[in-house]
Amino acid sequence: MKGSISFIITCVVTIAVIYAVAKLFEVYGFKKNLRHTTTTKRIAYIAMFSALGGVVMLFEIPLPFAPPFYKIDLSELPVLMCTLYLGPVAGVTAEFLKVAVKLLIKGTSTAFVGDFANFVVGISFILPASIVYHYRKTRKTAVIGLIVGTLCMTVFGSLFNAFYLIPKFSELFKLPVDAIIAMGNKVNSSITDINSLVLFAVVPFNLIKGTVVSIVTYLLYKRVEKIIFKEG
């Protein structure tokens with residue numbers, strides 16, 4: 001019970017801090033570069049892309065080099081498009097609602113640890129990408145933002161897994177860390193401890209996800225903007 005309460009507090013504080021950071025960047029960083037639209041349209045866009053992200057999140061792809069609980073989904077794709085168009089605060093909101101939609105449809109199989117991880121690690125990707133892009137909206141900064149976002153997600157996601165997520169998953173699920181490492185060792189004999197689990201599973205996992213989402217976003221964003229974001 002104590003571990004669950006501390007986890008809930010961590011989730012609430014983390015979400016509040018992330019939202020505050022996104023808001024600060026919008027207000028003091030590049031307010032003039034943000035696209036202005038009506039409140040109704042803004043809510044509609046966020047709701048639409050959140051719902052799409054929540055559905056896409058249901059389709060998970062296992063990876064041959066990682067334990068079975070590490071599965072790739074491309075739910076950051078619609079959220080990233082929403083973020084690039086409307087800004088960081090909209091992106092954080094869409095990322096949170098995306099996870100909420102998935103939980104309403106499917107529930108959780110990881111005691112909410114995996115869902116919290118998807119939110120926080122997803123933010124570590126879309127927030128840097130959006131901040132770089134909105135600082136100066138060009139094709140070049142879009143590419144730079146996507147690269148920066150992928151690298152941030154890879155570094156942060158790896159450290160977050162090593163120092164918090166894996167131990168917390170072990171605590172809430174009453175599953176020894178050694179058992180988690182053993183699951184990784186079954187698919188990759190090089191995985192013998194948490195560090196090697198992160199190096200050989202989490203790092204390539206985030207690199208692949210970030211790269212795929214970035215490429216697809218780059219190829220589709222302008223087309224989606226012309227079709228959906230009519231005022232763009």
# chains A, B, ... in the order shown; residues from 1 in each chain; ligands from 1

$ residues_around --residues "Ile123 in chain A" --least-positions-apart "3" --cutoff "8 Å" --atoms "only C-alpha atoms" --output "PyMOL selection string"
chain A and resi 92+95+119-120+126-127

$ residues_around --residues "range 78-82 of chain A" --least-positions-apart "5" --cutoff "7 Å" --atoms "only C-alpha atoms" --output "ChimeraX atom specification"
/A:46,49-50,52-53,91,94-95,126,217,221

$ atom_distance --atom1 "CA of Val27 in chain A" --atom2 "CA of Ala117 in chain A"
27.1 Å

$ closest_residue --among "A:Cys152, A:Ala22, A:Thr138, A:Pro68" --to "Tyr218 in chain A" --atoms "only C-alpha atoms"
A:Thr138

$ residues_around --residues "Phe205 in chain A" --least-positions-apart "3" --cutoff "9 Å" --atoms "only C-alpha atoms" --output "PyMOL selection string"
chain A and resi 63+65-66+70-72+154+200-202+208-210

$ closest_residue --among "A:Lys106, A:Arg42, A:Arg223, A:His134" --to "Phe25 in chain A" --atoms "only C-alpha atoms"
A:His134

$ select_by_dssp --residues "range 87-124 of chain A" --states "helix (DSSP H, G or I)" --output "PyMOL selection string"
chain A and resi 88-106+113-124

$ atom_distance --atom1 "CA of Ala142 in chain A" --atom2 "CA of Tyr28 in chain A"
20.2 Å

$ closest_residue --among "A:Met183, A:Ala111, A:Leu175, A:Val213" --to "Ala129 in chain A" --atoms "only C-alpha atoms"
A:Val213

$ decode --residues "range 35-74 of chain A" --atoms "N, CA and C atoms" --output "short mmCIF file (atom, residue, chain, number, x, y, z; two decimals), in the first residue's frame"
data_model
loop_
_atom_site.label_atom_id
_atom_site.label_comp_id
_atom_site.auth_asym_id
_atom_site.auth_seq_id
_atom_site.Cartn_x
_atom_site.Cartn_y
_atom_site.Cartn_z
N ARG A 35 0.75 28.71 -33.24
CA ARG A 35 -0.40 28.90 -34.13
C ARG A 35 -1.65 29.16 -33.28
N HIS A 36 -2.35 30.22 -33.61
CA HIS A 36 -3.54 30.57 -32.84
C HIS A 36 -4.78 30.04 -33.53
N THR A 37 -5.63 29.39 -32.77
CA THR A 37 -6.88 28.86 -33.29
C THR A 37 -7.94 29.01 -32.22
N THR A 38 -9.17 28.79 -32.56
CA THR A 38 -10.23 28.96 -31.58
C THR A 38 -10.16 27.86 -30.53
N THR A 39 -10.70 28.15 -29.36
CA THR A 39 -10.69 27.18 -28.27
C THR A 39 -11.44 25.91 -28.67
N THR A 40 -12.53 26.08 -29.38
CA THR A 40 -13.32 24.91 -29.80
C THR A 40 -12.52 24.00 -30.71
N LYS A 41 -11.85 24.59 -31.69
CA LYS A 41 -11.04 23.80 -32.61
C LYS A 41 -9.86 23.16 -31.88
N ARG A 42 -9.26 23.89 -30.97
CA ARG A 42 -8.12 23.36 -30.21
C ARG A 42 -8.53 22.12 -29.42
N ILE A 43 -9.67 22.21 -28.73
CA ILE A 43 -10.18 21.07 -27.97
C ILE A 43 -10.49 19.90 -28.89
N ALA A 44 -11.08 20.21 -30.04
CA ALA A 44 -11.44 19.15 -30.99
C ALA A 44 -10.19 18.45 -31.53
N TYR A 45 -9.16 19.22 -31.87
CA TYR A 45 -7.93 18.63 -32.39
C TYR A 45 -7.26 17.73 -31.35
N ILE A 46 -7.17 18.25 -30.11
CA ILE A 46 -6.54 17.48 -29.04
C ILE A 46 -7.31 16.19 -28.79
N ALA A 47 -8.64 16.30 -28.73
CA ALA A 47 -9.47 15.11 -28.49
C ALA A 47 -9.31 14.09 -29.61
N MET A 48 -9.30 14.57 -30.85
CA MET A 48 -9.20 13.68 -31.99
C MET A 48 -7.87 12.92 -32.00
N PHE A 49 -6.78 13.63 -31.82
CA PHE A 49 -5.47 12.98 -31.86
C PHE A 49 -5.20 12.15 -30.61
N SER A 50 -5.77 12.54 -29.48
CA SER A 50 -5.65 11.72 -28.26
C SER A 50 -6.35 10.39 -28.45
N ALA A 51 -7.57 10.45 -29.00
CA ALA A 51 -8.33 9.23 -29.23
C ALA A 51 -7.61 8.32 -30.22
N LEU A 52 -7.08 8.93 -31.28
CA LEU A 52 -6.34 8.14 -32.27
C LEU A 52 -5.10 7.50 -31.65
N GLY A 53 -4.39 8.28 -30.82
CA GLY A 53 -3.22 7.74 -30.14
C GLY A 53 -3.56 6.62 -29.20
N GLY A 54 -4.69 6.75 -28.48
CA GLY A 54 -5.12 5.69 -27.57
C GLY A 54 -5.44 4.40 -28.27
N VAL A 55 -6.05 4.51 -29.46
CA VAL A 55 -6.35 3.30 -30.24
C VAL A 55 -5.08 2.68 -30.79
N VAL A 56 -4.21 3.52 -31.34
CA VAL A 56 -2.94 3.02 -31.89
C VAL A 56 -2.10 2.34 -30.81
N MET A 57 -2.22 2.84 -29.58
CA MET A 57 -1.45 2.29 -28.46
C MET A 57 -1.82 0.83 -28.18
N LEU A 58 -3.01 0.42 -28.62
CA LEU A 58 -3.45 -0.96 -28.40
C LEU A 58 -2.67 -1.95 -29.26
N PHE A 59 -2.11 -1.47 -30.36
CA PHE A 59 -1.40 -2.35 -31.29
C PHE A 59 0.10 -2.32 -30.96
N GLU A 60 0.55 -3.34 -30.28
CA GLU A 60 1.93 -3.40 -29.81
C GLU A 60 2.72 -4.46 -30.58
N ILE A 61 3.97 -4.13 -30.85
CA ILE A 61 4.82 -5.02 -31.64
C ILE A 61 5.98 -5.51 -30.76
N PRO A 62 6.05 -6.81 -30.49
CA PRO A 62 7.17 -7.33 -29.69
C PRO A 62 8.47 -7.26 -30.49
N LEU A 63 9.57 -7.14 -29.76
CA LEU A 63 10.88 -7.06 -30.41
C LEU A 63 11.71 -8.29 -30.04
N PRO A 64 12.42 -8.86 -31.00
CA PRO A 64 13.14 -10.11 -30.74
C PRO A 64 14.31 -9.99 -29.77
N PHE A 65 14.81 -8.77 -29.59
CA PHE A 65 15.98 -8.58 -28.72
C PHE A 65 15.63 -8.13 -27.31
N ALA A 66 14.32 -7.98 -27.02
CA ALA A 66 13.91 -7.44 -25.72
C ALA A 66 12.93 -8.38 -25.02
N PRO A 67 12.83 -8.31 -23.69
CA PRO A 67 11.85 -9.12 -22.96
C PRO A 67 10.44 -8.82 -23.45
N PRO A 68 9.50 -9.74 -23.23
CA PRO A 68 8.15 -9.59 -23.78
C PRO A 68 7.37 -8.38 -23.30
N PHE A 69 7.75 -7.81 -22.14
CA PHE A 69 7.01 -6.64 -21.66
C PHE A 69 7.45 -5.35 -22.33
N TYR A 70 8.50 -5.41 -23.17
CA TYR A 70 8.88 -4.25 -23.97
C TYR A 70 8.32 -4.44 -25.38
N LYS A 71 7.24 -3.70 -25.67
CA LYS A 71 6.61 -3.79 -26.98
C LYS A 71 6.45 -2.38 -27.56
N ILE A 72 6.77 -2.25 -28.82
CA ILE A 72 6.70 -0.95 -29.48
C ILE A 72 5.28 -0.66 -29.95
N ASP A 73 4.85 0.58 -29.72
CA ASP A 73 3.63 1.07 -30.36
C ASP A 73 3.95 2.44 -30.96
N LEU A 74 3.17 2.85 -31.91
CA LEU A 74 3.42 4.12 -32.61
C LEU A 74 2.43 5.20 -32.20
#
